[in-house]
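Data from start-v9.pdb: PDB, C-alpha atoms and all ligand atoms
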ATOM      1  CA  MET F   1      -6.191-343.279 -75.116
ATOM      2  CA  SER F   2      -9.165-340.939 -75.149
ATOM      3  CA  ASP F   3      -9.762-338.188 -77.679
ATOM      4  CA  THR F   4      -9.109-334.919 -75.792
ATOM      5  CA  LEU F   5     -11.441-332.906 -78.029
ATOM      6  CA  ALA F   6     -14.351-335.288 -77.478
ATOM      7  CA  GLY F   7     -16.842-334.794 -74.679
ATOM      8  CA  SER F   8     -17.212-337.067 -71.646
ATOM      9  CA  LEU F   9     -19.924-339.435 -70.506
ATOM     10  CA  TYR F  10     -20.616-338.752 -66.826
ATOM     11  CA  VAL F  11     -22.184-341.699 -64.979
ATOM     12  CA  VAL F  12     -24.076-339.878 -62.248
ATOM     13  CA  ALA F  13     -25.468-341.518 -59.098
ATOM     14  CA  THR F  14     -28.769-340.066 -57.887
ATOM     15  CA  PRO F  15     -30.647-340.508 -54.561
ATOM     16  CA  ILE F  16     -32.273-343.812 -53.526
ATOM     17  CA  GLY F  17     -34.864-341.949 -51.462
ATOM     18  CA  ASN F  18     -33.461-338.946 -49.642
ATOM     19  CA  LEU F  19     -32.851-336.053 -52.050
ATOM     20  CA  GLU F  20     -30.215-334.595 -49.726
ATOM     21  CA  ASP F  21     -27.943-337.453 -50.794
ATOM     22  CA  LEU F  22     -27.303-335.916 -54.214
ATOM     23  CA  SER F  23     -23.741-334.562 -54.219
ATOM     24  CA  PRO F  24     -22.963-330.950 -55.165
ATOM     25  CA  ARG F  25     -20.737-332.338 -57.928
ATOM     26  CA  ALA F  26     -23.631-334.392 -59.319
ATOM     27  CA  VAL F  27     -25.845-331.291 -59.332
ATOM     28  CA  ARG F  28     -23.164-329.283 -61.137
ATOM     29  CA  VAL F  29     -22.597-331.971 -63.759
ATOM     30  CA  LEU F  30     -26.332-332.425 -64.377
ATOM     31  CA  GLY F  31     -26.641-328.679 -64.892
ATOM     32  CA  GLU F  32     -23.688-328.458 -67.290
ATOM     33  CA  VAL F  33     -24.061-331.387 -69.717
ATOM     34  CA  ALA F  34     -25.586-330.994 -73.175
ATOM     35  CA  VAL F  35     -27.992-333.876 -72.663
ATOM     36  CA  ILE F  36     -29.050-336.301 -69.931
ATOM     37  CA  ALA F  37     -29.665-339.931 -70.892
ATOM     38  CA  ALA F  38     -32.179-341.205 -68.332
ATOM     39  CA  GLU F  39     -33.747-344.605 -67.653
ATOM     40  CA  ASP F  40     -37.101-342.820 -67.329
ATOM     41  CA  THR F  41     -37.188-339.195 -68.479
ATOM     42  CA  ARG F  42     -40.380-338.408 -66.553
ATOM     43  CA  HIS F  43     -38.924-339.756 -63.306
ATOM     44  CA  SER F  44     -35.580-337.945 -63.711
ATOM     45  CA  GLY F  45     -37.394-334.851 -64.980
ATOM     46  CA  ARG F  46     -38.987-334.549 -61.526
ATOM     47  CA  LEU F  47     -35.529-334.634 -59.916
ATOM     48  CA  LEU F  48     -34.263-331.945 -62.296
ATOM     49  CA  ARG F  49     -37.263-329.723 -61.576
ATOM     50  CA  HIS F  50     -36.659-330.188 -57.839
ATOM     51  CA  LEU F  51     -33.076-328.959 -58.447
ATOM     52  CA  GLY F  52     -34.280-326.033 -60.547
ATOM     53  CA  LEU F  53     -32.438-327.433 -63.584
ATOM     54  CA  SER F  54     -33.645-327.762 -67.138
ATOM     55  CA  ARG F  55     -31.582-329.856 -69.559
ATOM     56  CA  PRO F  56     -32.535-331.785 -72.706
ATOM     57  CA  MET F  57     -33.208-335.439 -71.915
ATOM     58  CA  LEU F  58     -33.504-338.670 -73.841
ATOM     59  CA  SER F  59     -34.512-342.116 -72.667
ATOM     60  CA  LEU F  60     -31.974-344.879 -72.291
ATOM     61  CA  HIS F  61     -33.303-348.202 -71.045
ATOM     62  CA  GLU F  62     -32.614-351.874 -71.606
ATOM     63  CA  HIS F  63     -34.747-352.005 -74.775
ATOM     64  CA  ASN F  64     -33.118-349.081 -76.647
ATOM     65  CA  GLU F  65     -29.672-348.899 -75.095
ATOM     66  CA  ALA F  66     -27.770-350.670 -77.900
ATOM     67  CA  ALA F  67     -29.589-348.597 -80.551
ATOM     68  CA  ARG F  68     -28.623-345.330 -78.812
ATOM     69  CA  VAL F  69     -24.860-345.953 -78.786
ATOM     70  CA  ASP F  70     -23.967-344.519 -82.203
ATOM     71  CA  ALA F  71     -25.980-341.320 -81.789
ATOM     72  CA  LEU F  72     -24.602-340.659 -78.299
ATOM     73  CA  ASP F  73     -21.072-341.387 -79.491
ATOM     74  CA  ALA F  74     -21.509-338.909 -82.333
ATOM     75  CA  ARG F  75     -22.462-336.240 -79.803
ATOM     76  CA  LEU F  76     -19.378-337.013 -77.707
ATOM     77  CA  VAL F  77     -17.168-336.836 -80.803
ATOM     78  CA  ALA F  78     -18.733-333.443 -81.566
ATOM     79  CA  GLY F  79     -17.493-332.291 -78.156
ATOM     80  CA  GLU F  80     -20.709-332.506 -76.130
ATOM     81  CA  ASP F  81     -20.765-333.845 -72.567
ATOM     82  CA  ILE F  82     -23.481-336.333 -71.638
ATOM     83  CA  ALA F  83     -24.800-337.497 -68.251
ATOM     84  CA  LEU F  84     -26.220-340.972 -67.671
ATOM     85  CA  VAL F  85     -28.689-341.412 -64.798
ATOM     86  CA  SER F  86     -31.021-344.178 -63.698
ATOM     87  CA  ASP F  87     -34.228-343.947 -61.671
ATOM     88  CA  ALA F  88     -32.351-344.293 -58.380
ATOM     89  CA  GLY F  89     -28.819-344.908 -57.188
ATOM     90  CA  THR F  90     -25.836-345.748 -59.334
ATOM     91  CA  PRO F  91     -26.420-346.484 -63.048
ATOM     92  CA  LEU F  92     -25.328-349.969 -64.216
ATOM     93  CA  ILE F  93     -25.894-351.446 -60.731
ATOM     94  CA  SER F  94     -28.971-353.578 -61.551
ATOM     95  CA  ASP F  95     -29.822-350.701 -63.893
ATOM     96  CA  PRO F  96     -29.264-349.817 -67.582
ATOM     97  CA  GLY F  97     -25.981-348.426 -68.904
ATOM     98  CA  PHE F  98     -23.613-351.394 -69.186
ATOM     99  CA  VAL F  99     -23.894-351.719 -72.976
ATOM    100  CA  LEU F 100     -23.415-347.979 -73.493
ATOM    101  CA  VAL F 101     -20.382-347.772 -71.196
ATOM    102  CA  ARG F 102     -18.800-350.908 -72.667
ATOM    103  CA  GLU F 103     -19.203-349.667 -76.242
ATOM    104  CA  LEU F 104     -18.041-346.109 -75.575
ATOM    105  CA  ARG F 105     -15.034-347.297 -73.612
ATOM    106  CA  ALA F 106     -14.137-349.644 -76.476
ATOM    107  CA  ARG F 107     -14.193-346.582 -78.759
ATOM    108  CA  GLY F 108     -11.798-344.729 -76.474
ATOM    109  CA  ARG F 109     -14.288-342.227 -75.056
ATOM    110  CA  ARG F 110     -13.796-340.693 -71.611
ATOM    111  CA  ILE F 111     -16.192-342.200 -69.028
ATOM    112  CA  VAL F 112     -16.314-340.348 -65.701
ATOM    113  CA  PRO F 113     -18.041-341.804 -62.633
ATOM    114  CA  VAL F 114     -19.766-339.298 -60.356
ATOM    115  CA  PRO F 115     -20.225-341.540 -57.304
ATOM    116  CA  GLY F 116     -23.050-341.346 -54.818
ATOM    117  CA  PRO F 117     -25.917-343.431 -53.438
ATOM    118  CA  CYS F 118     -26.032-347.153 -54.060
ATOM    119  CA  ALA F 119     -28.480-349.310 -52.105
ATOM    120  CA  LEU F 120     -26.160-352.288 -51.683
ATOM    121  CA  VAL F 121     -23.291-350.199 -50.312
ATOM    122  CA  ALA F 122     -25.583-348.234 -47.975
ATOM    123  CA  ALA F 123     -27.103-351.497 -46.702
ATOM    124  CA  LEU F 124     -23.740-353.194 -46.123
ATOM    125  CA  SER F 125     -22.329-350.139 -44.391
ATOM    126  CA  ALA F 126     -24.901-350.429 -41.594
ATOM    127  CA  ALA F 127     -25.666-354.178 -41.401
ATOM    128  CA  GLY F 128     -22.864-355.418 -39.179
ATOM    129  CA  LEU F 129     -22.042-358.352 -41.454
ATOM    130  CA  PRO F 130     -18.495-358.864 -42.785
ATOM    131  CA  THR F 131     -17.825-356.464 -45.665
ATOM    132  CA  ASP F 132     -14.223-357.342 -46.488
ATOM    133  CA  ARG F 133     -15.577-359.767 -49.057
ATOM    134  CA  PHE F 134     -19.137-359.810 -50.359
ATOM    135  CA  LEU F 135     -20.924-361.280 -53.333
ATOM    136  CA  PHE F 136     -23.565-359.078 -54.946
ATOM    137  CA  GLN F 137     -26.084-361.165 -56.857
ATOM    138  CA  GLY F 138     -28.575-358.515 -58.004
ATOM    139  CA  PHE F 139     -32.134-359.854 -58.186
ATOM    140  CA  LEU F 140     -32.725-363.572 -57.621
ATOM    141  CA  PRO F 141     -34.708-365.425 -60.327
ATOM    142  CA  ALA F 142     -38.460-364.804 -60.169
ATOM    143  CA  LYS F 143     -39.457-368.486 -60.369
ATOM    144  CA  GLY F 144     -39.213-370.544 -57.172
ATOM    145  CA  GLY F 145     -37.275-373.498 -58.622
ATOM    146  CA  ALA F 146     -34.646-371.310 -60.270
ATOM    147  CA  ARG F 147     -34.397-369.150 -57.140
ATOM    148  CA  ARG F 148     -33.777-372.134 -54.852
ATOM    149  CA  GLY F 149     -31.285-373.521 -57.380
ATOM    150  CA  ARG F 150     -29.362-370.229 -57.344
ATOM    151  CA  LEU F 151     -29.340-370.173 -53.527
ATOM    152  CA  GLU F 152     -28.175-373.801 -53.333
ATOM    153  CA  GLY F 153     -25.335-372.904 -55.672
ATOM    154  CA  LEU F 154     -24.297-370.129 -53.283
ATOM    155  CA  ALA F 155     -24.581-372.211 -50.085
ATOM    156  CA  SER F 156     -20.859-372.849 -49.701
ATOM    157  CA  ARG F 157     -19.709-369.299 -50.525
ATOM    158  CA  GLU F 158     -17.967-367.716 -47.553
ATOM    159  CA  GLU F 159     -18.555-364.099 -48.632
ATOM    160  CA  THR F 160     -21.521-362.103 -47.318
ATOM    161  CA  LEU F 161     -24.288-362.568 -49.914
ATOM    162  CA  VAL F 162     -26.189-359.486 -51.092
ATOM    163  CA  PHE F 163     -29.426-359.441 -53.112
ATOM    164  CA  TYR F 164     -31.927-356.850 -54.278
ATOM    165  CA  GLU F 165     -35.569-357.757 -53.740
ATOM    166  CA  SER F 166     -39.024-356.313 -54.379
ATOM    167  CA  PRO F 167     -41.952-356.284 -51.932
ATOM    168  CA  HIS F 168     -43.827-358.752 -54.191
ATOM    169  CA  ARG F 169     -41.270-361.485 -53.678
ATOM    170  CA  ILE F 170     -39.644-360.766 -50.322
ATOM    171  CA  ARG F 171     -41.680-363.412 -48.452
ATOM    172  CA  ASP F 172     -41.009-366.115 -51.064
ATOM    173  CA  THR F 173     -37.318-365.269 -51.033
ATOM    174  CA  LEU F 174     -37.140-365.486 -47.227
ATOM    175  CA  ALA F 175     -38.936-368.848 -47.307
ATOM    176  CA  ASP F 176     -36.439-370.126 -49.901
ATOM    177  CA  LEU F 177     -33.525-368.760 -47.866
ATOM    178  CA  ALA F 178     -34.802-370.669 -44.822
ATOM    179  CA  ALA F 179     -35.168-373.840 -46.898
ATOM    180  CA  THR F 180     -31.742-373.642 -48.538
ATOM    181  CA  LEU F 181     -29.461-371.841 -46.068
ATOM    182  CA  GLY F 182     -31.157-372.707 -42.750
ATOM    183  CA  THR F 183     -30.455-370.549 -39.722
ATOM    184  CA  ARG F 184     -27.843-368.264 -41.258
ATOM    185  CA  ARG F 185     -27.998-364.681 -40.082
ATOM    186  CA  VAL F 186     -29.989-362.481 -42.485
ATOM    187  CA  VAL F 187     -30.096-358.679 -42.357
ATOM    188  CA  LEU F 188     -32.881-356.945 -44.278
ATOM    189  CA  ALA F 189     -32.408-353.271 -45.132
ATOM    190  CA  ARG F 190     -35.769-351.755 -46.037
ATOM    191  CA  GLU F 191     -36.575-348.303 -47.451
ATOM    192  CA  LEU F 192     -33.022-347.008 -47.047
ATOM    193  CA  THR F 193     -32.705-343.233 -46.565
ATOM    194  CA  LYS F 194     -36.529-342.899 -46.489
ATOM    195  CA  ALA F 195     -38.972-342.166 -43.665
ATOM    196  CA  PHE F 196     -39.570-345.848 -42.846
ATOM    197  CA  GLU F 197     -35.981-347.051 -43.082
ATOM    198  CA  THR F 198     -35.731-350.300 -41.100
ATOM    199  CA  PHE F 199     -33.070-352.929 -40.468
ATOM    200  CA  LEU F 200     -34.312-356.395 -39.444
ATOM    201  CA  ASP F 201     -31.860-358.976 -38.180
ATOM    202  CA  GLY F 202     -32.377-362.704 -37.566
ATOM    203  CA  SER F 203     -32.742-366.038 -39.322
ATOM    204  CA  ALA F 204     -34.856-366.048 -42.502
ATOM    205  CA  ALA F 205     -37.637-367.892 -40.635
ATOM    206  CA  GLU F 206     -37.619-365.274 -37.858
ATOM    207  CA  LEU F 207     -37.837-362.420 -40.380
ATOM    208  CA  LEU F 208     -40.698-364.156 -42.162
ATOM    209  CA  ALA F 209     -42.537-364.524 -38.840
ATOM    210  CA  CYS F 210     -41.933-360.821 -38.196
ATOM    211  CA  MET F 211     -43.614-359.976 -41.530
ATOM    212  CA  GLU F 212     -46.575-362.241 -40.747
ATOM    213  CA  GLU F 213     -47.043-360.352 -37.492
ATOM    214  CA  ASP F 214     -46.545-356.908 -39.036
ATOM    215  CA  PRO F 215     -47.314-356.846 -42.808
ATOM    216  CA  ASP F 216     -45.875-353.302 -43.037
ATOM    217  CA  GLN F 217     -42.441-354.923 -42.711
ATOM    218  CA  ALA F 218     -42.970-356.474 -46.154
ATOM    219  CA  ARG F 219     -43.579-353.102 -47.857
ATOM    220  CA  GLY F 220     -41.050-351.029 -49.783
ATOM    221  CA  GLU F 221     -37.673-351.778 -51.307
ATOM    222  CA  PHE F 222     -35.222-354.293 -49.857
ATOM    223  CA  VAL F 223     -31.580-355.211 -49.774
ATOM    224  CA  VAL F 224     -31.221-358.756 -48.426
ATOM    225  CA  MET F 225     -27.862-359.636 -46.874
ATOM    226  CA  VAL F 226     -26.968-363.149 -45.746
ATOM    227  CA  ALA F 227     -23.952-364.249 -43.705
ATOM    228  CA  GLY F 228     -21.475-366.292 -45.707
ATOM    229  CA  ALA F 229     -20.936-369.989 -45.070
ATOM    230  CA  GLY F 230     -18.758-371.156 -42.215
ATOM    231  CA  PRO F 231     -17.516-369.348 -39.169
ATOM    232  CA  ARG F 232     -16.522-366.028 -40.789
ATOM    233  CA  GLY F 233     -17.959-363.551 -38.261
ATOM    234  CA  ASP F 234     -21.578-364.128 -37.246
ATOM    235  CA  ALA F 235     -22.090-366.813 -39.890
ATOM    236  CA  ASP F 236     -25.012-368.266 -38.012
ATOM    237  CA  ALA F 237     -27.964-366.455 -36.439
ATOM    238  CA  SER F 238     -26.812-368.098 -33.200
ATOM    239  CA  THR F 239     -23.012-368.286 -33.277
ATOM    240  CA  VAL F 240     -22.961-369.023 -29.549
ATOM    241  CA  GLU F 241     -25.115-372.119 -30.101
ATOM    242  CA  ALA F 242     -22.864-373.184 -32.974
ATOM    243  CA  ASP F 243     -19.796-372.962 -30.749
ATOM    244  CA  ALA F 244     -21.648-374.893 -28.015
ATOM    245  CA  LEU F 245     -22.409-377.661 -30.513
ATOM    246  CA  LEU F 246     -18.799-377.777 -31.687
ATOM    247  CA  SER F 247     -17.492-377.943 -28.119
ATOM    248  CA  ALA F 248     -19.967-380.740 -27.295
ATOM    249  CA  LEU F 249     -18.775-382.759 -30.291
ATOM    250  CA  LEU F 250     -15.171-382.427 -29.168
ATOM    251  CA  VAL F 251     -16.026-383.267 -25.545
ATOM    252  CA  GLU F 252     -17.872-386.375 -26.743
ATOM    253  CA  GLY F 253     -14.563-387.464 -28.239
ATOM    254  CA  LEU F 254     -15.307-386.916 -31.931
ATOM    255  CA  GLY F 255     -12.165-385.922 -33.848
ATOM    256  CA  VAL F 256     -11.834-382.464 -35.391
ATOM    257  CA  LYS F 257     -12.298-383.838 -38.909
ATOM    258  CA  GLN F 258     -15.490-385.748 -38.040
ATOM    259  CA  SER F 259     -16.838-382.812 -36.012
ATOM    260  CA  ALA F 260     -16.256-380.507 -38.988
ATOM    261  CA  ALA F 261     -18.243-382.887 -41.190
ATOM    262  CA  VAL F 262     -21.143-382.945 -38.675
ATOM    263  CA  ALA F 263     -21.075-379.135 -38.321
ATOM    264  CA  ALA F 264     -21.103-378.615 -42.099
ATOM    265  CA  ARG F 265     -24.082-380.946 -42.389
ATOM    266  CA  VAL F 266     -26.070-379.425 -39.504
ATOM    267  CA  LEU F 267     -25.093-375.747 -39.789
ATOM    268  CA  GLY F 268     -24.229-375.402 -43.472
ATOM    269  CA  GLY F 269     -20.947-374.097 -44.841
ATOM    270  CA  THR F 270     -17.827-376.008 -45.764
ATOM    271  CA  LYS F 271     -16.029-378.691 -43.765
ATOM    272  CA  LYS F 272     -12.808-376.734 -44.284
ATOM    273  CA  ALA F 273     -14.223-373.598 -42.646
ATOM    274  CA  TRP F 274     -15.594-375.527 -39.659
ATOM    275  CA  TYR F 275     -12.323-377.429 -39.361
ATOM    276  CA  GLY F 276     -10.510-374.129 -38.740
ATOM    277  CA  ARG F 277     -13.071-373.019 -36.162
ATOM    278  CA  LEU F 278     -12.882-376.363 -34.336
ATOM    279  CA  GLN F 279      -9.112-376.240 -34.331
ATOM    280  CA  SER F 280      -9.122-372.845 -32.650
ATOM    281  CA  LEU F 281     -11.784-373.968 -30.128
ATOM    282  CA  LYS F 282      -9.585-376.958 -29.326
ATOM    283  CA  ASP F 283      -6.580-374.692 -28.912
ATOM    284  CA  GLY F 284      -8.637-372.470 -26.610
ATOM    285  CA  ASP F 285      -8.619-369.330 -28.861
TER     286      ASP F 285
HETATM  287  N1  LIG F 301     -29.048-348.641 -59.176
HETATM  288  C1  LIG F 301     -29.646-348.850 -57.879
HETATM  289  C2  LIG F 301     -28.558-348.793 -56.801
HETATM  290  O1  LIG F 301     -27.515-348.163 -57.035
HETATM  291  O2  LIG F 301     -28.750-349.330 -55.710
HETATM  292  C3  LIG F 301     -30.449-350.134 -57.826
HETATM  293  C4  LIG F 301     -31.545-350.194 -58.855
HETATM  294  S1  LIG F 301     -32.483-351.682 -58.783
HETATM  295  C5  LIG F 301     -33.470-351.548 -60.234
HETATM  296  C6  LIG F 301     -33.709-351.345 -57.556
HETATM  297  C7  LIG F 301     -33.512-352.219 -56.319
HETATM  298  O3  LIG F 301     -32.502-351.643 -55.490
HETATM  299  C8  LIG F 301     -34.749-352.292 -55.435
HETATM  300  O4  LIG F 301     -35.636-353.327 -55.871
HETATM  301  C9  LIG F 301     -34.146-352.624 -54.093
HETATM  302  O5  LIG F 301     -33.813-353.983 -54.007
HETATM  303  C10 LIG F 301     -32.859-351.794 -54.138
HETATM  304  N2  LIG F 301     -33.110-350.446 -53.581
HETATM  305  C11 LIG F 301     -33.158-349.281 -54.260
HETATM  306  N3  LIG F 301     -33.438-348.278 -53.427
HETATM  307  C12 LIG F 301     -33.561-348.827 -52.192
HETATM  308  C13 LIG F 301     -33.859-348.297 -50.906
HETATM  309  N4  LIG F 301     -34.097-346.992 -50.717
HETATM  310  N5  LIG F 301     -33.908-349.157 -49.854
HETATM  311  C14 LIG F 301     -33.678-350.477 -50.027
HETATM  312  N6  LIG F 301     -33.411-351.013 -51.219
HETATM  313  C15 LIG F 301     -33.356-350.212 -52.293
END
Please express the file's structure as structure tokens.
Amino acid sequence: MSDTLAGSLYVVATPIGNLEDLSPRAVRVLGEVAVIAAEDTRHSGRLLRHLGLSRPMLSLHEHNEAARVDALDARLVAGEDIALVSDAGTPLISDPGFVLVRELRARGRRIVPVPGPCALVAALSAAGLPTDRFLFQGFLPAKGGARRGRLEGLASREETLVFYESPHRIRDTLADLAATLGTRRVVLARELTKAFETFLDGSAAELLACMEEDPDQARGEFVVMVAGAGPRGDADASTVEADALLSALLVEGLGVKQSAAVAARVLGGTKKAWYGRLQSLKDGD
């Protein structure tokens, strides 16, 4: 139960590049609250000036978030409304705010999402990879060994995998993707909603080669999406070749079970998933 006299914390999504993506509701809320808690007050101050708004601001980032909770709660209890914004996109999504929201919710305060831009959702909406199930992993570890370990741990997941990545590490991440997940289809969404928005599609090795040829392709901000394991819609960069291999195994007289084991070893993914695909190939689906 929330206290009806207390104010609300509005969690407000802001643009990830294109300022036209800020919703009219977000603009209204930002103009009406008593204070805006911002990841970087200078950065968000520029957005407010662009909107012709002037509201008191305070910083809220990973290093002071826990220490801010009591003071912000006191303001809510006094009846003030507060907005939470991050530098870009939706707060709490690889951004500060989780501790604040968790603590305020535990105290029964009203938390109101004001939805809007989010890089992972924008990227998925235009990638052409399955979106019915996806696994968002935020940023991969910075160190190579830990990064490859994380990717190996995800190798058998059937959901579309989604990562955030910076221009400093995009090449290393693609190289590790090629080493751990092979020829899976990768879609890179770069500079979403900005002037140089680009989608690149191919195996990790192909995308790496594309960046070697044109270093501009390695600039900017990235969402990296990788097809899930097994034959769930475009799992492999070359699904047609995968099906050709499966058919050849069956024609050579290998049983479905053995063929599934070979496919899992050569193409990645689980034996179970390939078993289903082989069964339907055999049945002529
Ligand atoms: N809260 C944000 C959201 O809702 O998407 C994400 C913040 S996180 C600190 C920043 C990362 O998001 C970037 O390194 C990049 O991976 C991704 N990102 C943000 N804006 C992007 C854009 N315009 N194009 C592609 N990726 C973007």
Kindly list the centre and edge lengths in Å, rounded to one decimal, for the axis-aligned box that covers all listed atoms of ligand LIG 301 (chain F) plus 3 Å on each of its six sides, as lines of an AutoDock Vina configuration file.
center_x = -31.6
center_y = -350.5
center_z = -55.0
size_x = 14.1
size_y = 13.0
size_z = 16.4
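Atom pair CA of Val11 in chain F / CA of Arg28 in chain F: separated by 13.0 Å.
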request  = Identify all residues satisfying the PyMOL selection byres (((not hetatm)) within 7 of (chain F and resi 301)) in the given file; provide them as an MDAnalysis selection string.
outcome  = chainID F and resid 16:17 86 88:95 117:120 164:166 189:194 221:223
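When the distance limit is 10 Å and all atoms listed in the file are what count, the residues near Gly7 in chain F, minus those fewer than 4 positions from it on the same chain, are Ser2, Asp3, Val33, Ala34, Asp73, Ala74, Arg75, Leu76, Val77, Ala78, Gly79, Glu80, Asp81, Ile82, Arg109, Arg110 and Ile111 of chain F.
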note = Phe136 in chain F proximity check over F:Val101, F:Leu60, F:Glu197, F:Val224, using only C-alpha atoms: winner is F:Val224
key: Explicit residue set for the PyMOL selection byres (((chain F and resi 188) around 12) and not hetatm), as JSON, numbers by chain   = {"F": [119, 120, 122, 123, 124, 126, 127, 128, 129, 161, 162, 163, 164, 165, 166, 167, 170, 171, 173, 174, 185, 186, 187, 189, 190, 191, 192, 197, 198, 199, 200, 201, 202, 203, 204, 206, 207, 208, 210, 211, 217, 218, 219, 220, 221, 222, 223, 224, 225, 226, 227]}
File output, range 139-145 of chain F (all heavy atoms) as a short mmCIF file (atom, residue, chain, number, x, y, z; two decimals), in the first residue's frame:
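Output saved as out-v4.cif:
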data_model
loop_
_atom_site.label_atom_id
_atom_site.label_comp_id
_atom_site.auth_asym_id
_atom_site.auth_seq_id
_atom_site.Cartn_x
_atom_site.Cartn_y
_atom_site.Cartn_z
N PHE F 139 26.59 -5.37 -20.06
CA PHE F 139 27.96 -5.34 -20.59
C PHE F 139 28.67 -6.65 -20.23
O PHE F 139 28.58 -7.11 -19.09
CB PHE F 139 28.74 -4.17 -19.99
CG PHE F 139 28.30 -2.82 -20.50
CD1 PHE F 139 27.35 -2.09 -19.80
CD2 PHE F 139 28.80 -2.30 -21.68
CE1 PHE F 139 26.93 -0.85 -20.26
CE2 PHE F 139 28.39 -1.06 -22.15
CZ PHE F 139 27.45 -0.33 -21.44
N LEU F 140 29.42 -7.20 -21.18
CA LEU F 140 30.24 -8.38 -20.91
C LEU F 140 31.44 -7.94 -20.06
O LEU F 140 31.81 -6.77 -20.06
CB LEU F 140 30.74 -8.98 -22.23
CG LEU F 140 29.70 -9.80 -22.99
CD1 LEU F 140 30.12 -9.99 -24.45
CD2 LEU F 140 29.47 -11.15 -22.31
N PRO F 141 32.07 -8.89 -19.33
CA PRO F 141 33.25 -8.52 -18.55
C PRO F 141 34.34 -7.88 -19.43
O PRO F 141 34.48 -8.24 -20.60
CB PRO F 141 33.73 -9.86 -17.98
CG PRO F 141 32.53 -10.75 -17.99
CD PRO F 141 31.72 -10.32 -19.19
N ALA F 142 35.10 -6.97 -18.83
CA ALA F 142 36.13 -6.25 -19.59
C ALA F 142 37.33 -7.13 -19.92
O ALA F 142 37.96 -6.97 -20.97
CB ALA F 142 36.58 -5.03 -18.79
N LYS F 143 37.64 -8.07 -19.04
CA LYS F 143 38.85 -8.91 -19.26
C LYS F 143 38.51 -10.10 -20.17
O LYS F 143 37.47 -10.75 -20.01
CB LYS F 143 39.36 -9.42 -17.92
CG LYS F 143 39.84 -8.30 -17.01
CD LYS F 143 41.16 -8.68 -16.33
CE LYS F 143 41.81 -7.49 -15.66
NZ LYS F 143 41.24 -7.19 -14.36
N GLY F 144 39.43 -10.39 -21.09
CA GLY F 144 39.20 -11.42 -22.11
C GLY F 144 38.78 -12.77 -21.56
O GLY F 144 37.81 -13.37 -22.03
N GLY F 145 39.51 -13.26 -20.53
CA GLY F 145 39.23 -14.59 -19.99
C GLY F 145 37.82 -14.66 -19.41
O GLY F 145 37.07 -15.61 -19.68
#
